[in-house]
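This report refers to the structure that appears directly beneath it.
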Amino acid sequence: MSTSLTLPRPDDWHLHLRDGAMLAGIAPESARHFARAIIMPNLVPPVVTGAEAAAYRERIRAVTGPGFTPLMTLYLTEGTDPADVVAAHAAGIITAVKLYPAGATTNSASGVRDIDRVRGVLEAMAEAGIPLLTHGEVTDPEVDIFDREAVFIDRVLDPLRRALPALRVVMEHITTADAVDYARSAPERLGATITTHHLVINRNHMLAGGIRPHYYCLPVAKRERHRAALVAAAISGDARFFLGTDSAPHADDAKLAACGCAGCFTATNTLSVLAQVFEAAGALDRLEGFVSRHGAGFYGLPVNTDTITLERRDTPISYPAKIETGAGPVTVFDPGFPLHWQVAPAA
Ligand code: DOR
Ligand code: ZN
């Protein structure tokens with residue numbers, strides 16, 4: 001069995017870095033291991049214009065320094081100006097645009113209620129080759145929360161892709177076999193990110209024997225057969241599937257509340273957890289594609305030239321249970337099993 005694995009430096013194609021004291025506290029956790037990340041725009045208030053994305057990028061860079069490249073996104077609203085999106089992309093300020101159905105998740109109130117109202121923006125994006133990143137859940141209160149992803153594919157995503165076949169789309173943080181099947185059915189211009197935590201937990205881990213708020217995220221973890229389908233997709237070597245951690249910090253007091261926030265914070269130990277998941281599936285040789293190559297390919301970016309090395313330890317590695325930030329402590333994702341793979345310190 002291999003005891004060390006050297007990979008091109010990975011990228012995280014879906015990351016929440018927040019702002020202010022939280023940003024300062026948690027951004028180093030990602031910058032330590034990842035070269036680039038697609039940065040989610042769901043701040044309060046959201047990142048809506050190119051100018052706001054440029055300013056946010058500077059705040060991130062001020063924390064991480066030059067070794068980490070934040071790839072910015074805009075939060076799509078029904079008032080988004082297509083010309084601003086295209087100009088921000090042409091100027092290299094943004095990489096993609098994020099669709100939050102209004103009310104679907106954290107800070108999504110300014111999101112899209114009626115997809116027809118953003119048709120002009122989507123057409124401009126298709127024309128300019130700007131990817132649309134979807135939070136793929138319907139918000140219809142009639143639809144059970146465990147079905148919201150599958151219903152989104154039928155009601156929103158598939159009609160959208162048929163109407164605008166040139167639009168490049170990433171199905172973000174997929175959680176179901178339905179989403180895996182849909183991504184596989186599309187020959188091109190469609191990618192799908194998979195989080196670390198959805199490869200590890202199913203809904204029983206969150207709800208059986210007591211409620212575990214740190215496993216609550218959106219889309220919510222589903223049945224075991226869906227988790228297994230995600231693992232099968234991640235380890236398949238299929239370049240349409242790539243890592244987007246959706247690492248989403250909330251201070252513990254916001255998680256451990258009567259109405260707790262959605263989000264798992266995995267930045268600190270993501271690569272250790274993934275190495276273990278791939279090893280357990282007998283697919284360590286496919287980890288490189290999932291974390292270092294497929295996403296870059298989708299976005300038309302070069303694979304990173306520097307490397308990181310993962311080392312397998314006989315005794316479990318230690319990592320902090322919490323990251324202390326100026327906005328309060330943030331609990332690090334507990335996969336529920338000891339971790340044996342450690343990212344070697346930079347030489
Ligand atoms: O669990 C989640 N947390 N899912 C999301 O879609 C948003 C994220 C957050 O921003 O906290
Ligand atoms: Zn997210």
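All residue names refer to the structure tokens as shown: chains lettered A, B, ... in order, residues numbered from 1 in each chain, ligands numbered from 1 in order.
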Enumerate, in order of chain and increasing residue number, the residues of stretch 48-67 of chain A with an atom no farther than 10 Å from stretch 14-31 of chain A, each with its shortest atom pair and distance in Å to one decimal, counting only C-alpha atoms, as a Markdown table.
```
| residue | atom | partner | partner_atom | distance |
| --- | --- | --- | --- | --- |
| A:Tyr56 | CA | A:Asp19 | CA | 8.2 |
| A:Arg59 | CA | A:Asp19 | CA | 7.9 |
| A:Ile60 | CA | A:Leu23 | CA | 7.4 |
| A:Arg61 | CA | A:Ala27 | CA | 9.6 |
| A:Ala62 | CA | A:Ala24 | CA | 9.0 |
| A:Val63 | CA | A:Ala24 | CA | 5.9 |
| A:Thr64 | CA | A:Pro28 | CA | 6.1 |
| A:Gly65 | CA | A:Ala31 | CA | 8.8 |
| A:Pro66 | CA | A:Ala31 | CA | 9.7 |
| A:Gly67 | CA | A:Ala31 | CA | 7.3 |
```
Please identify all polymer residues within 10 Å of A:Leu74, counting only C-alpha atoms, omitting same-chain residues fewer than 2 positions from it, and present them as a JSON list (two decimals) with N, CA, C and O atoms, in the first residue's frame.
```json
[["chain", "number", "residue", "atom", "x", "y", "z"],
["A", 39, "ILE", "N", -15.01, 31.29, -5.13],
["A", 39, "ILE", "CA", -15.49, 31.90, -3.89],
["A", 39, "ILE", "C", -16.98, 32.24, -4.00],
["A", 39, "ILE", "O", -17.38, 33.00, -4.90],
["A", 40, "MET", "N", -17.73, 31.72, -3.08],
["A", 40, "MET", "CA", -19.18, 31.95, -3.10],
["A", 40, "MET", "C", -19.50, 33.40, -2.71],
["A", 40, "MET", "O", -18.83, 33.98, -1.84],
["A", 41, "PRO", "N", -20.54, 33.97, -3.33],
["A", 41, "PRO", "CA", -20.84, 35.39, -3.16],
["A", 41, "PRO", "C", -21.95, 35.67, -2.15],
["A", 41, "PRO", "O", -22.45, 36.80, -2.10],
["A", 42, "ASN", "N", -22.34, 34.69, -1.33],
["A", 42, "ASN", "CA", -23.51, 34.90, -0.45],
["A", 42, "ASN", "C", -23.13, 35.58, 0.86],
["A", 42, "ASN", "O", -23.44, 35.11, 1.94],
["A", 46, "PRO", "N", -25.05, 40.51, -0.43],
["A", 46, "PRO", "CA", -24.35, 39.65, -1.39],
["A", 46, "PRO", "C", -23.46, 40.42, -2.36],
["A", 46, "PRO", "O", -23.62, 41.63, -2.55],
["A", 47, "VAL", "N", -22.55, 39.68, -2.98],
["A", 47, "VAL", "CA", -21.64, 40.24, -3.99],
["A", 47, "VAL", "C", -22.37, 40.20, -5.33],
["A", 47, "VAL", "O", -22.49, 39.14, -5.94],
["A", 48, "VAL", "N", -22.86, 41.37, -5.74],
["A", 48, "VAL", "CA", -23.77, 41.41, -6.89],
["A", 48, "VAL", "C", -23.11, 42.02, -8.13],
["A", 48, "VAL", "O", -23.41, 41.63, -9.25],
["A", 49, "THR", "N", -22.22, 42.97, -7.92],
["A", 49, "THR", "CA", -21.63, 43.67, -9.08],
["A", 49, "THR", "C", -20.15, 43.34, -9.22],
["A", 49, "THR", "O", -19.49, 42.89, -8.27],
["A", 50, "GLY", "N", -19.64, 43.61, -10.41],
["A", 50, "GLY", "CA", -18.22, 43.39, -10.66],
["A", 50, "GLY", "C", -17.36, 44.19, -9.69],
["A", 50, "GLY", "O", -16.34, 43.70, -9.18],
["A", 52, "GLU", "N", -18.08, 45.08, -6.65],
["A", 52, "GLU", "CA", -18.11, 44.43, -5.33],
["A", 52, "GLU", "C", -17.24, 43.18, -5.31],
["A", 52, "GLU", "O", -16.56, 42.90, -4.31],
["A", 53, "ALA", "N", -17.23, 42.44, -6.41],
["A", 53, "ALA", "CA", -16.39, 41.23, -6.48],
["A", 53, "ALA", "C", -14.91, 41.62, -6.43],
["A", 53, "ALA", "O", -14.10, 40.96, -5.76],
["A", 72, "MET", "N", -13.51, 34.66, -8.37],
["A", 72, "MET", "CA", -14.71, 35.29, -7.83],
["A", 72, "MET", "C", -15.96, 34.95, -8.62],
["A", 72, "MET", "O", -15.91, 34.65, -9.82],
["A", 76, "LEU", "N", -26.37, 36.06, -8.57],
["A", 76, "LEU", "CA", -27.37, 36.44, -9.56],
["A", 76, "LEU", "C", -28.66, 36.91, -8.89],
["A", 76, "LEU", "O", -29.20, 36.20, -8.03],
["A", 77, "THR", "N", -29.10, 38.10, -9.25],
["A", 77, "THR", "CA", -30.39, 38.60, -8.77],
["A", 77, "THR", "C", -31.26, 38.94, -9.98],
["A", 77, "THR", "O", -30.76, 39.03, -11.11],
["A", 80, "THR", "N", -29.80, 41.86, -11.86],
["A", 80, "THR", "CA", -28.42, 41.81, -12.38],
["A", 80, "THR", "C", -28.37, 42.37, -13.81],
["A", 80, "THR", "O", -29.20, 42.03, -14.65],
["A", 85, "VAL", "N", -21.99, 41.89, -15.84],
["A", 85, "VAL", "CA", -21.47, 40.52, -15.73],
["A", 85, "VAL", "C", -20.42, 40.27, -16.81],
["A", 85, "VAL", "O", -19.31, 39.79, -16.54],
["A", 88, "ALA", "N", -17.26, 42.32, -16.17],
["A", 88, "ALA", "CA", -16.46, 41.80, -15.04],
["A", 88, "ALA", "C", -15.71, 40.53, -15.45],
["A", 88, "ALA", "O", -14.57, 40.31, -15.05],
["A", 89, "HIS", "N", -16.34, 39.74, -16.29],
["A", 89, "HIS", "CA", -15.69, 38.52, -16.77],
["A", 89, "HIS", "C", -14.56, 38.87, -17.74],
["A", 89, "HIS", "O", -13.44, 38.36, -17.63],
["A", 93, "ILE", "N", -12.21, 39.75, -13.51],
["A", 93, "ILE", "CA", -12.61, 39.90, -12.10],
["A", 93, "ILE", "C", -13.41, 38.69, -11.65],
["A", 93, "ILE", "O", -13.24, 38.21, -10.54],
["A", 94, "ILE", "N", -14.28, 38.20, -12.50],
["A", 94, "ILE", "CA", -15.11, 37.05, -12.09],
["A", 94, "ILE", "C", -14.87, 35.85, -13.01],
["A", 94, "ILE", "O", -14.48, 36.00, -14.17],
["A", 95, "THR", "N", -15.14, 34.68, -12.45],
["A", 95, "THR", "CA", -14.99, 33.42, -13.19],
["A", 95, "THR", "C", -16.35, 32.84, -13.53],
["A", 95, "THR", "O", -16.49, 32.13, -14.52],
["A", 96, "ALA", "N", -17.35, 33.12, -12.68],
["A", 96, "ALA", "CA", -18.66, 32.47, -12.86],
["A", 96, "ALA", "C", -19.73, 33.28, -12.15],
["A", 96, "ALA", "O", -19.43, 34.26, -11.45],
["A", 97, "VAL", "N", -20.97, 32.84, -12.33],
["A", 97, "VAL", "CA", -22.13, 33.48, -11.69],
["A", 97, "VAL", "C", -22.91, 32.40, -10.95],
["A", 97, "VAL", "O", -23.09, 31.29, -11.45],
["A", 98, "LYS", "N", -23.36, 32.74, -9.73],
["A", 98, "LYS", "CA", -24.04, 31.75, -8.88],
["A", 98, "LYS", "C", -25.54, 32.00, -8.86],
["A", 98, "LYS", "O", -25.99, 33.12, -8.59],
["A", 99, "LEU", "N", -26.29, 30.94, -9.11],
["A", 99, "LEU", "CA", -27.75, 30.99, -9.01],
["A", 99, "LEU", "C", -28.19, 30.40, -7.68],
["A", 99, "LEU", "O", -28.00, 29.20, -7.43],
["A", 132, "LEU", "N", -22.55, 29.13, -15.28],
["A", 132, "LEU", "CA", -23.57, 29.32, -14.26],
["A", 132, "LEU", "C", -23.42, 28.20, -13.22],
["A", 132, "LEU", "O", -23.42, 27.02, -13.58],
["A", 133, "LEU", "N", -23.29, 28.59, -11.96],
["A", 133, "LEU", "CA", -23.14, 27.61, -10.88],
["A", 133, "LEU", "C", -24.48, 27.55, -10.15],
["A", 133, "LEU", "O", -24.96, 28.56, -9.66]]
```
*Near A:Arg117, within 12 Å and counting only C-alpha atoms, which residues show up once chain neighbours fewer than 3 positions away are dropped, as a ChimeraX atom specification?*
/A:76-82,111-114,120-123
*If we count only C-alpha atoms, what is near A:Thr245 at a cut-off of 12 Å, once residues fewer than 6 positions away on the same chain are taken out, given as a VMD selection string?*
chain A and resid 10 to 17 30 34 37 to 40 172 to 174 192 to 199 217 263 to 271 273 to 274 290 to 291 333
*Per DSSP on the backbone, what are the strand (DSSP E) residues of stretch 23-186 of chain A, as number ranges by chain?*
A: 36-39, 69-75, 94-99, 132-134, 169-171
*Pick out the residues no farther than 6 Å from ligand 1, counting only C-alpha atoms and all ligand atoms, and list them as a PyMOL selection string.*
chain A and resi 105-106+217-218+248+262-263
Please save C-alpha atoms of the selected residues as an mmCIF file, in the first residue's frame.
```cif
data_model
loop_
_atom_site.group_PDB
_atom_site.id
_atom_site.type_symbol
_atom_site.label_atom_id
_atom_site.label_comp_id
_atom_site.auth_asym_id
_atom_site.auth_seq_id
_atom_site.Cartn_x
_atom_site.Cartn_y
_atom_site.Cartn_z
ATOM 1 C CA THR A 105 -30.163 28.449 1.718
ATOM 2 C CA THR A 106 -27.996 30.803 3.799
ATOM 3 C CA CYS A 217 -25.912 21.461 5.521
ATOM 4 C CA LEU A 218 -27.795 22.247 2.333
ATOM 5 C CA ALA A 248 -19.150 26.782 5.010
ATOM 6 C CA ALA A 262 -26.596 25.038 7.399
ATOM 7 C CA GLY A 263 -22.960 24.322 6.653
#
```
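Between ligand 2 and the residues A:Ala109, A:Val332, A:Ala321, A:Met171, the shortest atom-to-atom distance, using only C-alpha atoms and all ligand atoms, involves A:Met171.
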*Could you check which of A:Ala283, A:Val156, A:Ala344, A:Ala254 is closest to A:Val330, using only C-alpha atoms?*
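Among the listed residues, A:Ala254 lies closest to A:Val330.
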*Determine, counting only C-alpha atoms, which protein, DNA and RNA residues have an atom within 8 Å of an atom of stretch 231-233 of chain A; residues of the same chain fewer than 5 positions away are not included. Present the result as a ChimeraX atom specification.*
/A:180,199,238,241
_Shell around A:Pro316 at 6 Å using only C-alpha atoms, local window under 5 positions removed, as a list in words_ =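 Using only C-alpha atoms, the neighbours found are Pro338, Leu339 and His340 of chain A.
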*Would you please work out which residue, of A:Gly260, A:Pro101, A:Pro70, A:Pro219, is nearest to ligand 2 when using only C-alpha atoms and all ligand atoms?*
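Under the stated criterion, the closest residue is A:Pro219.
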*A:Asn107, A:Ser292, A:Asn304, A:Ser272: which is nearest A:Pro335, counting only C-alpha atoms?*
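Closest to A:Pro335, using only C-alpha atoms: A:Ser272.
Using only C-alpha atoms, the nearest neighbour of A:Pro131 within the list A:Arg184, A:Arg189, A:Arg286, A:Arg168 is A:Arg168.
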_Can you pull out every residue from stretch 119-271 of chain A that DSSP, working from the backbone, puts in helix (DSSP H, G or I), and format the result as a ChimeraX atom specification?_
/A:119-128,145-163,177-185,197-199,203-207,213-215,224-234,252-255,270-271
